[in-house]
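Novice: Dropping the structure in here first, questions after.
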Amino acid sequence: MREIFSRRSIRRYKDKPVSEEMVHKLLRAAMYAPSAGNERPWHFIVIKERKTLNEISENHPYAKMLTEAALAIVPCCDMSNLKYEGSFWIQDMAASIQNILLEAEHLGLGSCWCGVYPREFLLEPVRRILNTPENITPVAIIAIGYPGEEREVRERYKEDRVHYEKW
């Protein structure tokens, strides 16, 4: 799967809308992620309104690219019904986010993963802007759009980071 090796964080976007079909493919990919005990704790907020994208950008210091992105997907965790007392939900959410990033690359879209959880200074404004219920935790904001920049693909494999059997 070439997307694993070619995907890069894109922070500049073309002024071009993303189709509903593509959004559906992104969300479907997210929901095919593995999750502990098949819990699937995720919900996704799709944001296309420019006013909301701009407001989030103004309140999240690392999400300035939302002013150009066609949309954002905010993966959220429903904390109200977790089987494992919260010990695996963050892995579940990260897997769903990675699936979105890889599917975006596959579709010729650019994306950028902007963290939200666990930083309270990022959580509070996102919760307020998106009016999330108390049991819903926004985990990230993913900017999506047609790339307005190209990022160099560099070799990232480092043999000195690999250990066999023991450290």
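Numbering starts fresh at 1 for the residues of each chain in the structure tokens, the chains themselves are lettered A, B, ... in the order given, and ligands are numbered from 1 as they appear.
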Show which residues sit within 10 Å of Leu71 (chain A), as an MDAnalysis selection string. Count only C-alpha atoms, and ignore same-chain residues fewer than 2 positions away.
Specialist: chainID A and resid 17:18 23 46:50 52:53 66:69 73:74 111 142:145
Novice: Mind writing the picked residues with C-alpha atoms as a PDB file, in the first residue's frame?
Specialist:
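Dumped to result_24.pdb:
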```
ATOM      1  CA  PRO A  17     -14.899  21.179  -2.576  1.00  0.00           C
ATOM      2  CA  VAL A  18     -14.643  17.526  -1.588  1.00  0.00           C
ATOM      3  CA  VAL A  23     -16.462  12.084   2.655  1.00  0.00           C
ATOM      4  CA  VAL A  46     -18.020  16.546   9.673  1.00  0.00           C
ATOM      5  CA  ILE A  47     -17.558  20.298   9.383  1.00  0.00           C
ATOM      6  CA  LYS A  48     -17.938  22.085   6.059  1.00  0.00           C
ATOM      7  CA  GLU A  49     -19.219  25.498   7.124  1.00  0.00           C
ATOM      8  CA  ARG A  50     -16.474  28.060   6.590  1.00  0.00           C
ATOM      9  CA  THR A  52     -17.054  26.983  11.935  1.00  0.00           C
ATOM     10  CA  LEU A  53     -13.746  25.996  10.320  1.00  0.00           C
ATOM     11  CA  LEU A  66      -8.581  24.995   8.520  1.00  0.00           C
ATOM     12  CA  THR A  67      -9.004  28.435   6.961  1.00  0.00           C
ATOM     13  CA  GLU A  68      -8.122  26.800   3.603  1.00  0.00           C
ATOM     14  CA  ALA A  69      -9.315  23.210   4.083  1.00  0.00           C
ATOM     15  CA  ILE A  73     -13.543  15.633  10.479  1.00  0.00           C
ATOM     16  CA  VAL A  74     -13.518  15.606  14.263  1.00  0.00           C
ATOM     17  CA  SER A 111      -4.992  15.818   5.315  1.00  0.00           C
ATOM     18  CA  ILE A 142      -8.451  16.325  10.705  1.00  0.00           C
ATOM     19  CA  ALA A 143      -8.172  18.974   8.000  1.00  0.00           C
ATOM     20  CA  ILE A 144      -9.151  17.590   4.580  1.00  0.00           C
ATOM     21  CA  GLY A 145      -8.954  19.044   1.093  1.00  0.00           C
TER      22      GLY A 145
END
```
Novice: Applying 10 Å and only C-alpha atoms, which residues near Met31 (chain A) remain after dropping the ones on its own chain fewer than 4 positions away? List them as a list in words.
Specialist: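 Listed by chain and then number, they are Lys25, Leu26, Leu27, Ser35, Arg40, Pro41, Trp42, His43, Phe44, Asp92, Met93, Ala95, Ser96, Ile97, Asn99 and Ile100 of chain A.
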Novice: One number please: CA of Glu150 (chain A) to CA of Phe5 (chain A), in Å, one decimal.
Specialist: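 Answer for the CA of Glu150 (chain A) to CA of Phe5 (chain A) separation: 14.2 Å.
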Novice: Once DSSP has gone over the backbone, tell me which residues of region 65-122 of chain A are in strand (DSSP E), as a list in words.
Specialist: Leu71, Ala72, Ile73, Val74, Pro75, Cys76, Cys77, Asp78, Gly110, Ser111, Cys112, Trp113, Cys114 and Gly115 of chain A
Novice: Please report the interatomic distance between CA of Phe121 (chain A) and CA of Leu102 (chain A) in Å with one decimal.
Specialist: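 These atoms are spaced 28.1 Å apart.
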Novice: Could you pull the residues within 10 Å of Gly37 (chain A), counting only C-alpha atoms, minus those fewer than 2 positions along the same chain, as a list in words?
Specialist: Pro34, Ser35, Glu39, Arg40, Leu82, Lys83, Tyr84 and Phe88 of chain A
Novice: Take the selection from the previous step and output its residues with C-alpha atoms, as an mmCIF file, in the first residue's frame.
Specialist:
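See again.cif below for the written result:
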```cif
data_model
loop_
_atom_site.group_PDB
_atom_site.id
_atom_site.type_symbol
_atom_site.label_atom_id
_atom_site.label_comp_id
_atom_site.auth_asym_id
_atom_site.auth_seq_id
_atom_site.Cartn_x
_atom_site.Cartn_y
_atom_site.Cartn_z
ATOM 1 C CA PRO A 34 -9.727 -2.262 14.701
ATOM 2 C CA SER A 35 -10.976 -1.633 18.225
ATOM 3 C CA GLU A 39 -16.104 -1.580 21.099
ATOM 4 C CA ARG A 40 -16.001 0.997 18.283
ATOM 5 C CA LEU A 82 -16.553 1.854 27.547
ATOM 6 C CA LYS A 83 -15.961 -1.827 28.388
ATOM 7 C CA TYR A 84 -12.354 -1.460 29.475
ATOM 8 C CA PHE A 88 -7.916 1.108 25.165
#
```
Novice: For Pro133 (chain A), work out the shell of residues within 12 Å, counting only C-alpha atoms and skipping chain neighbours fewer than 5 positions away, then give it as a PyMOL selection string.
Specialist: chain A and resi 43+76-80+126-128+138
Novice: Could you save the residues just selected, with N, CA and C atoms, as a compact mmCIF listing (two decimals), in the first residue's frame?
Specialist:
```
# COMPACT_ATOMS: atom_id res chain seq x y z
N HIS A 43 -17.46 8.45 17.16
CA HIS A 43 -18.44 9.27 16.46
C HIS A 43 -17.62 10.30 15.69
N CYS A 76 -14.52 11.72 17.64
CA CYS A 76 -14.87 11.88 19.05
C CYS A 76 -15.10 10.51 19.67
N CYS A 77 -14.78 10.39 20.95
CA CYS A 77 -15.01 9.15 21.66
C CYS A 77 -16.21 9.29 22.58
N ASP A 78 -17.11 8.33 22.52
CA ASP A 78 -18.24 8.27 23.44
C ASP A 78 -17.75 7.56 24.70
N MET A 79 -17.55 8.34 25.76
CA MET A 79 -16.97 7.83 27.00
C MET A 79 -18.01 7.16 27.90
N SER A 80 -19.26 7.14 27.49
CA SER A 80 -20.34 6.69 28.37
C SER A 80 -20.51 5.18 28.46
N VAL A 126 -12.98 23.48 21.52
CA VAL A 126 -13.57 22.58 20.52
C VAL A 126 -14.92 22.07 21.02
N ARG A 127 -14.98 21.68 22.29
CA ARG A 127 -16.27 21.25 22.86
C ARG A 127 -17.32 22.36 22.76
N ARG A 128 -16.91 23.57 23.10
CA ARG A 128 -17.84 24.70 23.07
C ARG A 128 -18.32 24.99 21.65
N PRO A 138 -13.83 15.10 22.05
CA PRO A 138 -13.15 15.31 20.77
C PRO A 138 -11.68 14.90 20.91
```
Novice: Give me the residues near Tyr146 (chain A) as a list in words, where near means some atom within 7 Å (using only C-alpha atoms) and where sequence neighbours in that chain fewer than 5 positions away do not count.
Specialist: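 Final neighbour list, sorted by chain and number: Tyr13, Lys14, Lys16, Leu109 and Gly110 of chain A.
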Novice: For CA of Glu3 (chain A) and CA of Asn38 (chain A), determine how far apart the two atoms are, in Å to one decimal place.
Specialist: 25.4 Å
Novice: Using only C-alpha atoms, which of A:His60, A:Arg28, A:Arg11, A:His163 sits nearest Arg151 (chain A)?
Specialist: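 Counting only C-alpha atoms, the residue closest to Arg151 (chain A) is A:Arg11.
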Novice: Between A:Glu165, A:Asp160, A:Asp15, A:Glu120, which has the minimum distance to Ala70 (chain A) (counting only C-alpha atoms)?
Specialist: A:Asp15
Novice: Which is closest to Leu101 (chain A) among A:Cys114, A:Val139, A:Ala36, A:Leu122, if we use only C-alpha atoms?
Specialist: A:Cys114
Novice: Pick out the residues sitting within 10 Å of Tyr62 (chain A), and hand them over as a ChimeraX atom specification; count only C-alpha atoms, and ignore anything fewer than 5 positions along from it in its own chain.
Specialist: /A:57,113-116,122,141
Novice: Please, could you write that set of residues out with C-alpha atoms as a PDB file, in the first residue's frame?
Specialist:
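For reference, selection.pdb as written:
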```
ATOM      1  CA  SER A  57      -8.760  27.788  13.537  1.00  0.00           C
ATOM      2  CA  TRP A 113      -4.050  15.436  12.002  1.00  0.00           C
ATOM      3  CA  CYS A 114      -4.336  18.140  14.673  1.00  0.00           C
ATOM      4  CA  GLY A 115      -4.410  16.814  18.210  1.00  0.00           C
ATOM      5  CA  VAL A 116      -7.051  17.858  20.720  1.00  0.00           C
ATOM      6  CA  LEU A 122      -7.601  22.581  23.150  1.00  0.00           C
ATOM      7  CA  ILE A 141      -9.346  17.576  14.160  1.00  0.00           C
TER       8      ILE A 141
END
```
Novice: Quick one: residues within 10 Å of Ile4 (chain A), only C-alpha atoms counted, chain neighbours fewer than 3 positions away excluded, as JSON, numbers by chain?
Specialist: {"A": [1, 7, 8, 98, 101, 102, 103, 105, 106]}
Novice: Dump N, CA and C atoms for the selected residues as an mmCIF file, in the first residue's frame?
Specialist:
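New file selection-v2.cif:
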```
data_model
loop_
_atom_site.group_PDB
_atom_site.id
_atom_site.type_symbol
_atom_site.label_atom_id
_atom_site.label_comp_id
_atom_site.auth_asym_id
_atom_site.auth_seq_id
_atom_site.Cartn_x
_atom_site.Cartn_y
_atom_site.Cartn_z
ATOM 1 N N MET A 1 0.860 -1.189 0.000
ATOM 2 C CA MET A 1 0.000 0.000 0.000
ATOM 3 C C MET A 1 0.893 1.234 0.000
ATOM 4 N N ARG A 7 2.005 9.359 2.289
ATOM 5 C CA ARG A 7 1.182 10.293 3.058
ATOM 6 C C ARG A 7 2.050 11.303 3.812
ATOM 7 N N ARG A 8 1.680 12.564 3.732
ATOM 8 C CA ARG A 8 2.338 13.632 4.471
ATOM 9 C C ARG A 8 1.265 14.572 5.005
ATOM 10 N N GLN A 98 -5.910 7.193 11.715
ATOM 11 C CA GLN A 98 -4.922 6.768 10.718
ATOM 12 C C GLN A 98 -5.616 6.260 9.453
ATOM 13 N N LEU A 101 -6.581 9.221 7.372
ATOM 14 C CA LEU A 101 -5.418 9.817 6.713
ATOM 15 C C LEU A 101 -4.983 9.002 5.498
ATOM 16 N N LEU A 102 -4.968 7.683 5.644
ATOM 17 C CA LEU A 102 -4.558 6.826 4.531
ATOM 18 C C LEU A 102 -5.581 6.822 3.403
ATOM 19 N N GLU A 103 -6.864 6.820 3.751
ATOM 20 C CA GLU A 103 -7.895 6.869 2.708
ATOM 21 C C GLU A 103 -7.866 8.213 1.988
ATOM 22 N N GLU A 105 -5.239 10.046 1.407
ATOM 23 C CA GLU A 105 -4.110 9.937 0.471
ATOM 24 C C GLU A 105 -4.502 9.086 -0.736
ATOM 25 N N HIS A 106 -5.178 7.983 -0.497
ATOM 26 C CA HIS A 106 -5.626 7.094 -1.573
ATOM 27 C C HIS A 106 -6.557 7.821 -2.552
#
```
Novice: Calculated over only C-alpha atoms, which of the candidates A:Ala72, A:Ile90, A:Tyr32, A:Ser19 has the smallest distance to Ile56 (chain A)?
Specialist: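 Closest residue, counting only C-alpha atoms: A:Ala72.
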Novice: Which is closest to Ser9 (chain A) among A:Arg119, A:Tyr164, A:Tyr157, A:Cys112, if we use only C-alpha atoms?
Specialist: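 Ranked by minimum distance to Ser9 (chain A), first place goes to A:Cys112.
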